[in-house]
$ cat run.tsv   # TSV, C-alpha atoms
chain	number	residue	atom	x	y	z
A	1	MET	CA	10.32	8.27	-5.82
A	2	LEU	CA	6.86	9.68	-6.50
A	3	ALA	CA	7.21	8.76	-10.16
A	4	ARG	CA	8.17	5.22	-9.25
A	5	ARG	CA	5.15	4.90	-6.98
A	6	HIS	CA	2.88	6.29	-9.65
A	7	LEU	CA	4.06	3.65	-12.12
A	8	LEU	CA	3.79	0.87	-9.58
A	9	ALA	CA	0.24	1.84	-8.73
A	10	GLY	CA	-0.91	0.45	-12.06
A	11	LEU	CA	0.31	-2.97	-10.96
A	12	ALA	CA	-1.31	-2.84	-7.56
A	13	LEU	CA	-4.26	-5.09	-8.36
A	14	ALA	CA	-2.20	-7.93	-9.82
A	15	PRO	CA	-2.63	-10.90	-7.47
A	16	LEU	CA	0.18	-12.07	-5.27
A	17	PRO	CA	0.97	-15.82	-5.24
A	18	LEU	CA	-1.56	-17.63	-3.11
A	19	ALA	CA	-0.87	-20.98	-1.48
A	20	ALA	CA	-3.51	-23.70	-1.61
A	21	GLN	CA	-6.05	-23.21	1.17
A	22	PRO	CA	-8.08	-25.81	3.01
A	23	ALA	CA	-11.81	-25.79	2.56
A	24	GLY	CA	-13.83	-24.25	5.37
A	25	ARG	CA	-15.53	-21.10	6.47
A	26	ALA	CA	-14.03	-18.01	4.86
A	27	LEU	CA	-12.94	-14.94	6.75
A	28	THR	CA	-14.75	-11.85	5.45
A	29	LEU	CA	-13.06	-8.46	5.34
A	30	VAL	CA	-15.79	-5.82	5.10
A	31	VAL	CA	-14.64	-2.65	3.30
A	32	PRO	CA	-16.77	0.43	4.05
A	33	PHE	CA	-16.40	1.91	0.56
A	34	ALA	CA	-17.07	0.99	-3.06
A	35	PRO	CA	-14.61	-1.10	-5.09
A	36	GLY	CA	-11.63	0.64	-6.63
A	37	GLY	CA	-10.68	3.09	-3.90
A	38	SER	CA	-7.44	2.93	-1.96
A	39	THR	CA	-9.05	1.18	1.02
A	40	ASP	CA	-10.54	-1.49	-1.24
A	41	VAL	CA	-7.29	-1.95	-3.17
A	42	GLY	CA	-5.34	-2.26	0.06
A	43	ALA	CA	-7.72	-4.87	1.45
A	44	ARG	CA	-7.58	-6.90	-1.77
A	45	LEU	CA	-3.79	-6.83	-1.76
A	46	ILE	CA	-3.65	-8.03	1.83
A	47	ALA	CA	-6.39	-10.70	1.58
A	48	PRO	CA	-4.51	-13.47	-0.29
A	49	ARG	CA	-1.42	-13.23	1.90
A	50	LEU	CA	-3.57	-13.14	5.02
A	51	ALA	CA	-5.29	-16.29	3.74
A	52	HIS	CA	-1.91	-17.93	3.28
A	53	HIS	CA	-0.86	-17.25	6.87
A	54	LEU	CA	-4.22	-18.20	8.35
A	55	GLY	CA	-4.66	-21.32	6.24
A	56	GLN	CA	-8.23	-20.36	5.35
A	57	SER	CA	-9.98	-18.45	2.59
A	58	VAL	CA	-10.36	-14.68	2.89
A	59	VAL	CA	-12.93	-12.72	0.91
A	60	VAL	CA	-13.43	-8.97	0.58
A	61	GLU	CA	-16.97	-7.59	0.77
A	62	ASN	CA	-17.77	-3.98	-0.10
A	63	ARG	CA	-20.49	-2.32	1.97
A	64	PRO	CA	-20.46	1.38	1.06
A	65	GLY	CA	-22.85	3.89	2.54
A	66	ALA	CA	-23.25	6.64	5.14
A	67	GLY	CA	-19.55	7.50	5.18
A	68	GLY	CA	-18.62	4.02	6.38
A	69	ALA	CA	-21.36	3.71	9.01
A	70	THR	CA	-23.23	1.02	7.04
A	71	ALA	CA	-20.28	-1.36	7.09
A	72	ALA	CA	-19.36	-0.57	10.68
A	73	ASP	CA	-22.92	-1.25	11.83
A	74	GLN	CA	-22.93	-4.57	9.94
A	75	VAL	CA	-19.71	-5.79	11.53
A	76	ARG	CA	-20.58	-4.72	15.06
A	77	ARG	CA	-23.65	-6.97	14.81
A	78	ALA	CA	-21.71	-9.97	13.44
A	79	THR	CA	-20.97	-13.06	15.51
A	80	PRO	CA	-17.78	-12.34	17.50
A	81	ASP	CA	-15.91	-15.45	16.37
A	82	GLY	CA	-13.26	-13.91	14.14
A	83	SER	CA	-15.02	-14.72	10.88
A	84	THR	CA	-16.02	-11.12	10.05
A	85	LEU	CA	-13.70	-8.12	10.30
A	86	LEU	CA	-14.11	-4.48	9.42
A	87	ILE	CA	-11.39	-2.70	7.49
A	88	ALA	CA	-11.77	0.40	9.62
A	89	VAL	CA	-10.32	3.68	8.42
A	90	ALA	CA	-9.60	7.12	9.85
A	91	SER	CA	-13.08	8.33	8.96
A	92	THR	CA	-15.05	5.44	10.49
A	93	HIS	CA	-12.96	5.15	13.66
A	94	GLY	CA	-11.35	8.57	14.06
A	95	VAL	CA	-13.00	11.56	12.42
A	96	ASN	CA	-16.65	10.46	12.30
A	97	PRO	CA	-16.86	9.58	16.02
A	98	ALA	CA	-15.35	12.98	16.80
A	99	VAL	CA	-17.70	14.89	14.52
A	100	PHE	CA	-21.04	13.07	14.57
A	101	PRO	CA	-22.75	12.27	17.91
A	102	ASP	CA	-25.48	10.14	16.31
A	103	LEU	CA	-23.48	7.33	14.66
A	104	PRO	CA	-25.17	3.89	14.82
A	105	TYR	CA	-22.03	2.45	16.43
A	106	ASP	CA	-19.46	3.27	19.08
A	107	ALA	CA	-16.00	3.03	17.52
A	108	GLU	CA	-14.41	1.85	20.76
A	109	ARG	CA	-17.11	0.00	22.70
A	110	ASP	CA	-18.57	-1.98	19.76
A	111	PHE	CA	-15.28	-3.28	18.33
A	112	ALA	CA	-12.19	-5.23	19.31
A	113	ALA	CA	-9.13	-3.89	17.50
A	114	VAL	CA	-7.05	-6.56	15.74
A	115	ALA	CA	-4.18	-4.73	14.07
A	116	LEU	CA	-3.20	-1.42	12.54
A	117	LEU	CA	-2.38	-2.36	8.95
A	118	GLY	CA	-1.06	0.75	7.25
A	119	VAL	CA	-0.90	4.53	7.29
A	120	THR	CA	-1.15	7.09	4.50
A	121	GLY	CA	0.22	10.58	4.83
A	122	PHE	CA	-1.36	13.91	3.90
A	123	VAL	CA	0.43	16.82	2.26
A	124	VAL	CA	-0.15	20.52	1.66
A	125	VAL	CA	-0.21	21.14	-2.09
A	126	VAL	CA	-0.47	24.19	-4.34
A	127	ARG	CA	-0.42	24.70	-8.09
A	128	ALA	CA	3.13	24.20	-9.33
A	129	ASP	CA	3.04	27.57	-11.10
A	130	ALA	CA	1.64	29.49	-8.13
A	131	GLY	CA	5.07	30.80	-7.18
A	132	PHE	CA	5.31	29.45	-3.62
A	133	ALA	CA	8.89	28.41	-2.89
A	134	ASP	CA	8.01	26.73	0.40
A	135	MET	CA	5.44	26.52	3.20
A	136	ASN	CA	6.60	29.79	4.76
A	137	ALA	CA	5.91	31.59	1.49
A	138	LEU	CA	2.34	30.26	1.39
A	139	VAL	CA	1.66	31.27	4.99
A	140	ALA	CA	3.14	34.73	4.39
A	141	LYS	CA	0.86	35.22	1.36
A	142	LEU	CA	-2.24	34.11	3.27
A	143	ARG	CA	-1.41	36.47	6.12
A	144	ALA	CA	-0.68	39.38	3.78
A	145	GLU	CA	-4.00	38.99	1.95
A	146	PRO	CA	-6.64	38.09	4.55
A	147	GLY	CA	-9.97	37.04	3.10
A	148	LYS	CA	-8.63	36.72	-0.45
A	149	HIS	CA	-7.71	33.03	-0.42
A	150	ASN	CA	-9.45	29.70	0.07
A	151	TYR	CA	-8.69	26.03	0.39
A	152	ALA	CA	-10.36	22.92	-1.01
A	153	SER	CA	-11.41	19.75	0.80
A	154	ALA	CA	-12.96	16.41	-0.05
A	155	GLY	CA	-16.18	17.49	1.63
A	156	VAL	CA	-17.68	18.87	4.82
A	157	GLY	CA	-16.61	16.76	7.78
A	158	SER	CA	-13.83	15.00	5.90
A	159	MET	CA	-10.33	14.77	7.32
A	160	PRO	CA	-9.01	17.30	4.78
A	161	HIS	CA	-11.69	19.71	6.01
A	162	LEU	CA	-10.80	19.24	9.68
A	163	ALA	CA	-7.08	19.39	8.92
A	164	GLY	CA	-7.68	22.58	6.95
A	165	GLU	CA	-9.56	24.17	9.84
A	166	TRP	CA	-6.85	23.10	12.27
A	167	PHE	CA	-4.23	24.73	10.04
A	168	ARG	CA	-6.31	27.89	9.54
A	169	THR	CA	-7.23	28.50	13.17
A	170	ALA	CA	-3.84	27.57	14.65
A	171	LEU	CA	-2.14	30.21	12.48
A	172	GLY	CA	-4.97	32.74	12.71
A	173	LEU	CA	-5.51	32.79	8.95
A	174	GLN	CA	-8.54	34.36	7.27
A	175	VAL	CA	-9.19	31.86	4.49
A	176	GLU	CA	-12.40	30.25	3.29
A	177	HIS	CA	-13.19	26.55	3.07
A	178	VAL	CA	-14.58	25.28	-0.24
A	179	PRO	CA	-15.89	21.69	-0.04
A	180	TYR	CA	-16.06	19.38	-3.06
A	181	ARG	CA	-17.46	15.90	-3.62
A	182	GLY	CA	-14.26	14.01	-2.98
A	183	GLY	CA	-10.51	14.51	-3.19
A	184	GLY	CA	-10.43	14.15	-6.97
A	185	PRO	CA	-12.80	17.05	-7.70
A	186	ALA	CA	-11.02	19.15	-5.07
A	187	MET	CA	-7.69	18.53	-6.79
A	188	VAL	CA	-9.17	19.49	-10.16
A	189	ALA	CA	-10.42	22.74	-8.62
A	190	LEU	CA	-6.95	23.47	-7.25
A	191	MET	CA	-5.31	22.85	-10.61
A	192	GLY	CA	-7.91	25.07	-12.24
A	193	GLY	CA	-7.13	27.98	-9.93
A	194	GLU	CA	-10.44	27.96	-8.04
A	195	VAL	CA	-8.62	27.63	-4.69
A	196	THR	CA	-5.15	28.43	-3.39
A	197	TYR	CA	-4.20	25.21	-1.60
A	198	MET	CA	-5.46	21.96	-0.15
A	199	ILE	CA	-4.43	19.31	2.37
A	200	GLU	CA	-4.95	15.89	0.82
A	201	SER	CA	-3.74	12.28	0.92
A	202	ILE	CA	-0.60	11.33	-0.97
A	203	PRO	CA	-2.33	8.82	-3.31
A	204	THR	CA	-4.84	11.45	-4.45
A	205	VAL	CA	-2.22	14.01	-5.46
A	206	ALA	CA	0.86	11.87	-6.24
A	207	GLY	CA	0.24	11.75	-9.99
A	208	ALA	CA	-0.26	15.50	-10.27
A	209	ILE	CA	2.93	16.12	-8.28
A	210	THR	CA	4.86	13.69	-10.45
A	211	ASP	CA	3.78	15.31	-13.72
A	212	GLY	CA	4.44	18.81	-12.44
A	213	ARG	CA	0.93	20.18	-12.09
A	214	LEU	CA	1.02	20.40	-8.28
A	215	LYS	CA	3.77	21.13	-5.77
A	216	ALA	CA	3.93	19.64	-2.28
A	217	LEU	CA	5.07	22.18	0.32
A	218	ALA	CA	4.84	20.22	3.56
A	219	ARG	CA	3.67	16.96	5.00
A	220	ALA	CA	0.70	17.17	7.31
A	221	SER	CA	1.70	13.89	8.94
A	222	ALA	CA	4.14	13.94	11.84
A	223	ARG	CA	5.41	10.54	10.65
A	224	ALA	CA	8.31	10.96	8.21
A	225	SER	CA	7.74	8.12	5.76
A	226	GLY	CA	6.86	7.49	2.14
A	227	PRO	CA	7.60	9.68	-0.87
A	228	VAL	CA	7.32	12.96	1.05
A	229	ALA	CA	9.48	12.01	4.02
A	230	GLU	CA	11.99	14.76	3.19
A	231	LEU	CA	9.39	17.54	3.20
A	232	PRO	CA	9.17	19.79	6.27
A	233	ALA	CA	6.36	18.89	8.65
A	234	LEU	CA	3.44	21.18	9.47
A	235	ALA	CA	4.25	20.27	13.06
A	236	ASP	CA	7.26	22.58	12.67
A	237	LEU	CA	4.80	25.47	12.33
A	238	ILE	CA	2.00	24.09	14.49
A	239	PRO	CA	3.23	21.91	17.37
A	240	GLY	CA	1.34	18.62	17.53
A	241	PHE	CA	-0.13	18.88	14.03
A	242	ASP	CA	-0.63	15.38	12.66
A	243	ALA	CA	-3.08	14.34	9.94
A	244	GLU	CA	-2.90	10.97	8.26
A	245	THR	CA	-5.37	8.33	7.23
A	246	TRP	CA	-4.99	4.64	7.98
A	247	ILE	CA	-6.51	1.19	7.70
A	248	LEU	CA	-7.09	-1.05	10.69
A	249	ALA	CA	-8.68	-4.46	11.13
A	250	ALA	CA	-11.41	-4.56	13.78
A	251	ALA	CA	-13.60	-7.42	15.00
A	252	PRO	CA	-16.95	-7.27	16.79
A	253	ALA	CA	-16.66	-6.61	20.52
A	254	GLY	CA	-16.51	-9.84	22.50
A	255	THR	CA	-14.23	-11.69	20.10
A	256	PRO	CA	-12.04	-13.95	22.28
A	257	ALA	CA	-8.47	-12.78	22.92
A	258	PRO	CA	-6.88	-15.95	21.45
A	259	VAL	CA	-8.77	-15.34	18.20
A	260	LEU	CA	-7.59	-11.73	18.09
A	261	ALA	CA	-4.02	-12.85	18.73
A	262	ARG	CA	-4.14	-15.39	15.89
A	263	LEU	CA	-5.54	-12.84	13.46
A	264	ASN	CA	-3.02	-10.23	14.57
A	265	ALA	CA	-0.09	-12.58	14.01
A	266	ALA	CA	-1.34	-13.44	10.51
A	267	PHE	CA	-1.77	-9.78	9.53
A	268	ASN	CA	1.70	-8.88	10.80
A	269	ALA	CA	3.26	-11.82	8.96
A	270	ALA	CA	1.52	-10.86	5.71
A	271	LEU	CA	2.49	-7.20	5.96
A	272	ALA	CA	6.12	-8.11	6.64
A	273	GLU	CA	6.40	-9.79	3.22
A	274	PRO	CA	8.54	-7.54	1.00
A	275	GLU	CA	6.40	-7.96	-2.12
A	276	LEU	CA	3.15	-7.08	-0.37
A	277	ALA	CA	4.83	-4.18	1.42
A	278	GLU	CA	6.08	-2.79	-1.89
A	279	ARG	CA	2.66	-3.05	-3.49
A	280	LEU	CA	1.05	-1.22	-0.60
A	281	ARG	CA	3.67	1.51	-0.81
A	282	ALA	CA	2.88	1.79	-4.52
A	283	ILE	CA	-0.64	2.98	-3.61
A	284	GLY	CA	0.69	5.33	-0.93
A	285	THR	CA	0.18	3.12	2.14
A	286	GLU	CA	3.07	2.46	4.50
A	287	PRO	CA	2.55	-1.02	6.03
A	288	VAL	CA	2.65	-1.53	9.80
A	289	THR	CA	4.18	-4.85	10.85
A	290	ASP	CA	4.42	-4.62	14.63
A	291	SER	CA	0.89	-3.76	15.71
A	292	THR	CA	-0.84	-5.55	18.57
A	293	PRO	CA	-4.55	-5.58	19.46
A	294	GLU	CA	-3.70	-3.34	22.39
A	295	SER	CA	-1.67	-0.80	20.37
A	296	ALA	CA	-4.36	-0.79	17.64
A	297	ALA	CA	-7.02	-0.01	20.26
A	298	ARG	CA	-4.86	2.81	21.62
A	299	HIS	CA	-4.48	4.15	18.09
A	300	ILE	CA	-8.26	4.42	17.72
A	301	SER	CA	-8.61	6.17	21.09
A	302	THR	CA	-5.81	8.60	20.26
A	303	GLU	CA	-7.29	9.48	16.87
A	304	ILE	CA	-10.78	10.08	18.25
A	305	ALA	CA	-9.37	12.28	21.00
A	306	ARG	CA	-7.24	14.21	18.49
A	307	TRP	CA	-10.14	15.05	16.21
A	308	ARG	CA	-12.53	15.80	19.06
A	309	ARG	CA	-9.99	18.35	20.27
A	310	VAL	CA	-9.71	19.83	16.77
A	311	VAL	CA	-13.50	20.11	16.49
A	312	ALA	CA	-13.67	21.82	19.88
A	313	GLU	CA	-10.80	24.21	19.19
A	314	THR	CA	-11.89	25.21	15.68
A	315	GLY	CA	-15.59	25.48	16.43
A	316	VAL	CA	-16.53	23.34	13.41
A	317	THR	CA	-20.19	22.35	13.40
A	318	ILE	CA	-21.35	19.72	10.96
A	319	GLU	CA	-24.65	17.98	10.38
A	320	ARG	CA	-24.41	14.35	9.31
A	321	ARG	CA	-25.60	13.83	5.75
$ encode --input "run.tsv" --output "structure tokens"
Amino acid sequence: MLARRHLLAGLALAPLPLAAQPAGRALTLVVPFAPGGSTDVGARLIAPRLAHHLGQSVVVENRPGAGGATAADQVRRATPDGSTLLIAVASTHGVNPAVFPDLPYDAERDFAAVALLGVTGFVVVVRADAGFADMNALVAKLRAEPGKHNYASAGVGSMPHLAGEWFRTALGLQVEHVPYRGGGPAMVALMGGEVTYMIESIPTVAGAITDGRLKALARASARASGPVAELPALADLIPGFDAETWILAAAPAGTPAPVLARLNAAFNAALAEPELAERLRAIGTEPVTDSTPESAARHISTEIARWRRVVAETGVTIERR
């Protein structure tokens, strides 16, 4: 299954059929990262089918900077008429609000959730030749050799960092955190033997698992879906453990409820299309087709509370860059 996804990922940017759209004001989806990443690819896959169901043009605008805060601040200031939406992610509306007290936006107060669009799982991975048969073997090794092992993350304050600290402290492990500038460099370090393990998103590590360089031992997500659904869950070792990233459409606070309902229906209809769903799965994102504005808002609140608890329990202190 991973191999199939890896092959399909190369087709992910091919446009889906787009029905003729009436002229008029376009809906703008603001992506908080540079072009080419999984969030950007996901938004560009969804945009034409969303346009079809709305009957209006949809454009994607990239506004990278400050870990997503630049885009979030732009959208919170936009006119609340449904013409500008943020493609919020776990960092902008989950981890960052839990970690940084000085963000220029309030993830709950300044936005009206429209729909949860998709989720992407995280996995625990090691070098394929490291000799770990399963997750229990890794934990046993870490416990037997305190202070001799480390784990990689995509950077200080990233979800892989917080997930790694949650894992470490919950099991009482003496391991060191080694931050890198993104998931890619962290994965290279793992394959090069600089670290023992890492917790990272499926899209980042799927190719290396497929070609045999890395081995997935467990899924960090409680949700059993995607190419690692058959793996044991970290929640089996650590009750309540759940780490996954996601994309969610959010409008400026004050957007009228009928507008939110119309947008929500169009997103759900687009994500229910089999071809779009398959293309999202090819980049590691499991589409969500039954979200409501209310359930999407609850999702944000739950995620912020989860990561605030992790920060409090692990004692992580981070200064915003």
$ closest_residue --input "run.tsv" --among "A:Ala250, A:Ile199, A:Leu234, A:Leu27" --to "Phe122 of chain A" --atoms "all atoms listed in the file"
A:Ile199
$ closest_residue --input "run.tsv" --among "A:Asp73, A:Thr196, A:Arg127, A:Gly164" --to "Leu142 of chain A" --atoms "all atoms listed in the file"
A:Thr196
$ atom_distance --input "run.tsv" --atom1 "atom CA of Ser153 of chain A" --atom2 "atom CA of Ala224 of chain A"
22.8 Å
$ closest_residue --input "run.tsv" --among "A:Ser291, A:Thr317, A:Thr255, A:Thr120" --to "Ala243 of chain A" --atoms "only C-alpha atoms"
A:Thr120
$ closest_residue --input "run.tsv" --among "A:Val175, A:Leu116, A:Arg25, A:Gly183" --to "Lys141 of chain A" --atoms "all atoms listed in the file"
A:Val175
$ closest_residue --input "run.tsv" --among "A:Ala222, A:Val31, A:Ala266, A:Leu260" --to "Gly55 of chain A" --atoms "only C-alpha atoms"
A:Ala266
$ closest_residue --input "run.tsv" --among "A:Asp102, A:Ser301, A:Thr84, A:Ser57" --to "Ala69 of chain A" --atoms "all atoms listed in the file"
A:Asp102
$ atom_distance --input "run.tsv" --atom1 "atom CA of Gly155 of chain A" --atom2 "atom CA of Glu286 of chain A"
24.6 Å
$ residues_near_point --input "run.tsv" --point "(-3.9, -5.2, 15.5)" --cutoff "6 Å" --atoms "only C-alpha atoms" --output "PDB file with C-alpha atoms, in the frame of the given file"
ATOM      1  CA  ALA A 113      -9.130  -3.890  17.500  1.00  0.00           C
ATOM      2  CA  VAL A 114      -7.050  -6.560  15.740  1.00  0.00           C
ATOM      3  CA  ALA A 115      -4.180  -4.730  14.070  1.00  0.00           C
ATOM      4  CA  LEU A 116      -3.200  -1.420  12.540  1.00  0.00           C
ATOM      5  CA  ASN A 264      -3.020 -10.230  14.570  1.00  0.00           C
ATOM      6  CA  SER A 291       0.890  -3.760  15.710  1.00  0.00           C
ATOM      7  CA  THR A 292      -0.840  -5.550  18.570  1.00  0.00           C
ATOM      8  CA  PRO A 293      -4.550  -5.580  19.460  1.00  0.00           C
ATOM      9  CA  ALA A 296      -4.360  -0.790  17.640  1.00  0.00           C
TER      10      ALA A 296
END
$ atom_distance --input "run.tsv" --atom1 "atom CA of Trp246 of chain A" --atom2 "atom CA of Gly118 of chain A"
5.6 Å
$ residues_near_point --input "run.tsv" --point "(-16.0, -14.1, 18.6)" --cutoff "12 Å" --atoms "only C-alpha atoms" --output "list of chain:residue names"
A:Val75, A:Arg76, A:Arg77, A:Ala78, A:Thr79, A:Pro80, A:Asp81, A:Gly82, A:Ser83, A:Thr84, A:Leu85, A:Phe111, A:Ala112, A:Ala250, A:Ala251, A:Pro252, A:Ala253, A:Gly254, A:Thr255, A:Pro256, A:Ala257, A:Pro258, A:Val259, A:Leu260, A:Leu263
$ closest_atom_pairs --input "run.tsv" --of "segment 227-280 of chain A" --to "segment 87-94 of chain A" --cutoff "9 Å" --atoms "only C-alpha atoms" --output "JSON lines"
{"residue": "A:Glu244", "atom": "CA", "partner": "A:Ala90", "partner_atom": "CA", "distance": 7.9}
{"residue": "A:Thr245", "atom": "CA", "partner": "A:Ala90", "partner_atom": "CA", "distance": 5.1}
{"residue": "A:Trp246", "atom": "CA", "partner": "A:Val89", "partner_atom": "CA", "distance": 5.4}
{"residue": "A:Ile247", "atom": "CA", "partner": "A:Val89", "partner_atom": "CA", "distance": 4.6}
{"residue": "A:Leu248", "atom": "CA", "partner": "A:Ala88", "partner_atom": "CA", "distance": 5.0}
{"residue": "A:Ala249", "atom": "CA", "partner": "A:Ile87", "partner_atom": "CA", "distance": 4.9}
{"residue": "A:Ala250", "atom": "CA", "partner": "A:Ala88", "partner_atom": "CA", "distance": 6.5}
$ residues_around --input "run.tsv" --residues "Ala152 of chain A" --least-positions-apart "4" --cutoff "8 Å" --atoms "all atoms listed in the file" --output "ChimeraX atom specification"
/A:161,177-180,186-187,189-190,195-199
$ residues_around --input "run.tsv" --residues "Phe132 of chain A" --least-positions-apart "5" --cutoff "12 Å" --atoms "only C-alpha atoms" --output "PDB file with C-alpha atoms, in the coordinates of the input"
ATOM      1  CA  VAL A 124      -0.150  20.520   1.660  1.00  0.00           C
ATOM      2  CA  VAL A 125      -0.210  21.140  -2.090  1.00  0.00           C
ATOM      3  CA  VAL A 126      -0.470  24.190  -4.340  1.00  0.00           C
ATOM      4  CA  ARG A 127      -0.420  24.700  -8.090  1.00  0.00           C
ATOM      5  CA  ALA A 137       5.910  31.590   1.490  1.00  0.00           C
ATOM      6  CA  LEU A 138       2.340  30.260   1.390  1.00  0.00           C
ATOM      7  CA  VAL A 139       1.660  31.270   4.990  1.00  0.00           C
ATOM      8  CA  ALA A 140       3.140  34.730   4.390  1.00  0.00           C
ATOM      9  CA  LYS A 141       0.860  35.220   1.360  1.00  0.00           C
ATOM     10  CA  LEU A 142      -2.240  34.110   3.270  1.00  0.00           C
ATOM     11  CA  THR A 196      -5.150  28.430  -3.390  1.00  0.00           C
ATOM     12  CA  TYR A 197      -4.200  25.210  -1.600  1.00  0.00           C
ATOM     13  CA  LEU A 214       1.020  20.400  -8.280  1.00  0.00           C
ATOM     14  CA  LYS A 215       3.770  21.130  -5.770  1.00  0.00           C
ATOM     15  CA  ALA A 216       3.930  19.640  -2.280  1.00  0.00           C
ATOM     16  CA  LEU A 217       5.070  22.180   0.320  1.00  0.00           C
ATOM     17  CA  ALA A 218       4.840  20.220   3.560  1.00  0.00           C
TER      18      ALA A 218
END
